[in-house]
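K.L.:
Okay, handing you the structure first.
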Amino acid sequence: MAMSLAVRRLQKEYLDLSQHPPELCSAGPLEEDILTWQGVVIGPEGSPYEGGVFYLDIVFPGAYPLKPPQVQFSTPIYHPNVNESGCIGLDLLTSKWVPTCTLSQVLLAICSMLADPSPHDILDPDIANVFLEDRPKFNLQARRWTKEYAM
């Protein structure tokens, strides 16, 4: 029963995403597996990620929406809330998840995280130190990575 709930919910979310895509992001299922999606987030204007195209791997559990999706960057990104494996430190994907959350909300939260990194959900302490102590250096390195990996 849980699986059919997940499938129905994801079909609805895919339709909603197709008809009303959130700004700077999109997602959809890969091939025939409704539980495995690819997402895309465009770097927000005014951020060091501006113009970058960042791909996300999204895997929904069979218990979705009772449990959150697993979302990680497949495009390398220099960001204090993302580790080298692409895992994302975002409370919406862990402690703040509620079944009424949608993938659109998750994608928008990731876009927001790119524009404004959180000092509370640090996954890479070295990058976080640069971010907190030398913002121009952080912005330069994030821009370099964006140009190298996301453009």
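All residue names refer to the structure tokens as shown: chains lettered A, B, ... in order, residues numbered from 1 in each chain, ligands numbered from 1 in order.
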For A:Leu132, find every residue with an atom within 12 Å (counting only C-alpha atoms), except residues of its own chain fewer than 4 positions away, and show them as a PDB file with C-alpha atoms, in the first residue's frame.
P.N.:
```pdb
ATOM      1  CA  HIS A  79      29.555  24.742  -1.065  1.00  0.00           C
ATOM      2  CA  PRO A  80      29.697  24.454   2.743  1.00  0.00           C
ATOM      3  CA  PRO A 117      24.540  29.027   2.402  1.00  0.00           C
ATOM      4  CA  SER A 118      23.527  28.035   5.926  1.00  0.00           C
ATOM      5  CA  PRO A 119      26.081  28.123   8.736  1.00  0.00           C
ATOM      6  CA  HIS A 120      23.890  25.587  10.602  1.00  0.00           C
ATOM      7  CA  ILE A 122      27.713  22.423   7.449  1.00  0.00           C
ATOM      8  CA  PRO A 125      34.111  22.255   7.470  1.00  0.00           C
ATOM      9  CA  ASP A 126      37.029  23.444   5.306  1.00  0.00           C
ATOM     10  CA  ILE A 127      34.744  25.190   2.834  1.00  0.00           C
ATOM     11  CA  ALA A 128      32.655  26.526   5.727  1.00  0.00           C
ATOM     12  CA  PRO A 136      35.749  36.976  -1.399  1.00  0.00           C
ATOM     13  CA  LYS A 137      38.024  33.906  -1.497  1.00  0.00           C
ATOM     14  CA  PHE A 138      34.995  31.624  -1.066  1.00  0.00           C
ATOM     15  CA  ASN A 139      33.125  33.376  -3.898  1.00  0.00           C
TER      16      ASN A 139
END
```
K.L.:
Taking 4 positions as the minimum chain separation for residues in the same chain, which residues sit within 9 Å of A:Val41 when counting only C-alpha atoms? Answer as a PyMOL selection string.
P.N.:
chain A and resi 24-27+52-56+107-108+110-111
K.L.:
Would you please extract all strand (DSSP E or B) residues from chain A, as assigned by DSSP on the backbone, and give them as a PyMOL selection string?
P.N.:
chain A and resi 25-30+33-42+53-59+70-73+82+87-88
K.L.:
For the residues in that selection, give me C-alpha atoms as an mmCIF file, in the first residue's frame.
P.N.:
```cif
data_model
loop_
_atom_site.group_PDB
_atom_site.id
_atom_site.type_symbol
_atom_site.label_atom_id
_atom_site.label_comp_id
_atom_site.auth_asym_id
_atom_site.auth_seq_id
_atom_site.Cartn_x
_atom_site.Cartn_y
_atom_site.Cartn_z
ATOM 1 C CA CYS A 25 14.874 24.187 -11.295
ATOM 2 C CA SER A 26 13.201 21.113 -12.704
ATOM 3 C CA ALA A 27 13.046 17.359 -12.201
ATOM 4 C CA GLY A 28 11.573 14.236 -13.653
ATOM 5 C CA PRO A 29 11.716 10.460 -13.461
ATOM 6 C CA LEU A 30 14.460 8.497 -15.186
ATOM 7 C CA ASP A 33 11.377 3.980 -12.544
ATOM 8 C CA ILE A 34 9.045 6.502 -10.904
ATOM 9 C CA LEU A 35 11.165 6.366 -7.719
ATOM 10 C CA THR A 36 14.415 7.504 -9.386
ATOM 11 C CA TRP A 37 14.555 11.040 -10.753
ATOM 12 C CA GLN A 38 17.074 13.538 -12.041
ATOM 13 C CA GLY A 39 16.821 17.156 -11.025
ATOM 14 C CA VAL A 40 18.436 20.292 -12.373
ATOM 15 C CA VAL A 41 19.105 23.503 -10.487
ATOM 16 C CA ILE A 42 20.367 26.645 -12.232
ATOM 17 C CA VAL A 53 23.723 23.948 -14.376
ATOM 18 C CA PHE A 54 23.815 21.551 -11.420
ATOM 19 C CA TYR A 55 22.404 18.057 -11.685
ATOM 20 C CA LEU A 56 20.817 16.219 -8.775
ATOM 21 C CA ASP A 57 20.213 12.528 -8.185
ATOM 22 C CA ILE A 58 16.869 12.011 -6.461
ATOM 23 C CA VAL A 59 15.704 8.691 -5.025
ATOM 24 C CA GLN A 70 17.423 11.210 -0.893
ATOM 25 C CA VAL A 71 18.803 14.111 -2.909
ATOM 26 C CA GLN A 72 22.422 14.727 -3.766
ATOM 27 C CA PHE A 73 24.396 16.726 -6.286
ATOM 28 C CA VAL A 82 27.433 19.905 0.327
ATOM 29 C CA CYS A 87 25.221 14.910 -0.039
ATOM 30 C CA ILE A 88 23.229 17.984 0.949
#
```
K.L.:
List every residue of stretch 24-132 of chain A that DSSP, applied to the backbone, labels as alpha helix (DSSP H), and write the result as a PyMOL selection string.
P.N.:
chain A and resi 103-115+125-132
K.L.:
Which polymer residues have any atom within 12 Å of an atom of A:Leu15, counting only C-alpha atoms, with same-chain residues fewer than 3 positions away left out, as JSON, numbers by chain?
P.N.:
{"A": [8, 9, 10, 11, 12, 18, 19, 20, 21, 26, 27, 28, 29, 103, 104]}
K.L.:
Would you export the selected residues with N, CA and C atoms as a PDB file, in the first residue's frame, please?
P.N.:
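selection-v1.pdb written:
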```
ATOM      1  N   ARG A   8       1.383   7.156  -6.654  1.00  0.00           N
ATOM      2  CA  ARG A   8       0.324   8.144  -6.938  1.00  0.00           C
ATOM      3  C   ARG A   8       0.807   9.559  -6.629  1.00  0.00           C
ATOM      4  N   ARG A   9       1.455   9.731  -5.500  1.00  0.00           N
ATOM      5  CA  ARG A   9       1.943  11.062  -5.106  1.00  0.00           C
ATOM      6  C   ARG A   9       2.972  11.571  -6.122  1.00  0.00           C
ATOM      7  N   LEU A  10       3.898  10.709  -6.541  1.00  0.00           N
ATOM      8  CA  LEU A  10       4.937  11.128  -7.486  1.00  0.00           C
ATOM      9  C   LEU A  10       4.358  11.435  -8.862  1.00  0.00           C
ATOM     10  N   GLN A  11       3.360  10.694  -9.284  1.00  0.00           N
ATOM     11  CA  GLN A  11       2.705  11.004 -10.556  1.00  0.00           C
ATOM     12  C   GLN A  11       2.067  12.384 -10.499  1.00  0.00           C
ATOM     13  N   LYS A  12       1.430  12.691  -9.374  1.00  0.00           N
ATOM     14  CA  LYS A  12       0.820  14.011  -9.193  1.00  0.00           C
ATOM     15  C   LYS A  12       1.881  15.111  -9.170  1.00  0.00           C
ATOM     16  N   SER A  18       5.568  19.604 -14.223  1.00  0.00           N
ATOM     17  CA  SER A  18       5.521  19.815 -15.674  1.00  0.00           C
ATOM     18  C   SER A  18       4.679  21.026 -16.040  1.00  0.00           C
ATOM     19  N   GLN A  19       3.566  21.205 -15.334  1.00  0.00           N
ATOM     20  CA  GLN A  19       2.656  22.303 -15.651  1.00  0.00           C
ATOM     21  C   GLN A  19       3.059  23.623 -15.000  1.00  0.00           C
ATOM     22  N   HIS A  20       3.699  23.547 -13.827  1.00  0.00           N
ATOM     23  CA  HIS A  20       4.077  24.753 -13.083  1.00  0.00           C
ATOM     24  C   HIS A  20       5.491  24.600 -12.540  1.00  0.00           C
ATOM     25  N   PRO A  21       6.486  24.616 -13.443  1.00  0.00           N
ATOM     26  CA  PRO A  21       7.859  24.409 -12.959  1.00  0.00           C
ATOM     27  C   PRO A  21       8.319  25.566 -12.068  1.00  0.00           C
ATOM     28  N   SER A  26      14.152  22.059 -12.146  1.00  0.00           N
ATOM     29  CA  SER A  26      13.201  21.113 -12.704  1.00  0.00           C
ATOM     30  C   SER A  26      13.628  19.709 -12.300  1.00  0.00           C
ATOM     31  N   ALA A  27      12.744  18.754 -12.521  1.00  0.00           N
ATOM     32  CA  ALA A  27      13.046  17.359 -12.201  1.00  0.00           C
ATOM     33  C   ALA A  27      12.041  16.461 -12.892  1.00  0.00           C
ATOM     34  N   GLY A  28      12.466  15.222 -13.078  1.00  0.00           N
ATOM     35  CA  GLY A  28      11.573  14.236 -13.653  1.00  0.00           C
ATOM     36  C   GLY A  28      12.140  12.845 -13.489  1.00  0.00           C
ATOM     37  N   PRO A  29      11.275  11.843 -13.640  1.00  0.00           N
ATOM     38  CA  PRO A  29      11.716  10.460 -13.461  1.00  0.00           C
ATOM     39  C   PRO A  29      12.662  10.019 -14.573  1.00  0.00           C
ATOM     40  N   LEU A 103       8.497  17.870  -3.853  1.00  0.00           N
ATOM     41  CA  LEU A 103       9.809  18.003  -4.487  1.00  0.00           C
ATOM     42  C   LEU A 103      10.033  19.434  -4.957  1.00  0.00           C
ATOM     43  N   SER A 104       8.997  20.115  -5.396  1.00  0.00           N
ATOM     44  CA  SER A 104       9.145  21.532  -5.780  1.00  0.00           C
ATOM     45  C   SER A 104       9.705  22.347  -4.620  1.00  0.00           C
TER      46      SER A 104
END
```
K.L.:
So which one's closest to A:Asn81, A:Ala150, A:Leu123, A:Glu23, A:Leu140? Using only C-alpha atoms, please.
P.N.:
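Closest to A:Asn81 of all the choices is A:Leu123.
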K.L.:
When you count only C-alpha atoms, which of these residues is closest to A:Gly89: A:Glu13, A:Asp116, A:Glu32, A:Asp121?
P.N.:
A:Asp121
K.L.:
Quote the spacing between atom CA of A:Arg143 and atom CA of A:Gly51 in Å to one decimal place.
P.N.:
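Value for the atom CA of A:Arg143-atom CA of A:Gly51 distance: 9.9 Å.
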K.L.:
To one decimal in Å, tell me the separation between atom CA of A:Trp145 and atom CA of A:Glu50.
P.N.:
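Going from atom CA of A:Trp145 over to atom CA of A:Glu50 covers 11.4 Å.
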K.L.:
Measure the distance from atom CA of A:Gln141 to atom CA of A:Asp124 in Å and round it to one decimal.
P.N.:
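Atom-to-atom, atom CA of A:Gln141 and atom CA of A:Asp124 are spaced 14.2 Å apart.
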K.L.:
Quick one: everything within 10 Å of A:Ala109, counting only C-alpha atoms, minus sequence neighbours fewer than 6 positions away in the same chain. Send it as an MDAnalysis selection string.
P.N.:
chainID A and resid 90:93 103 115
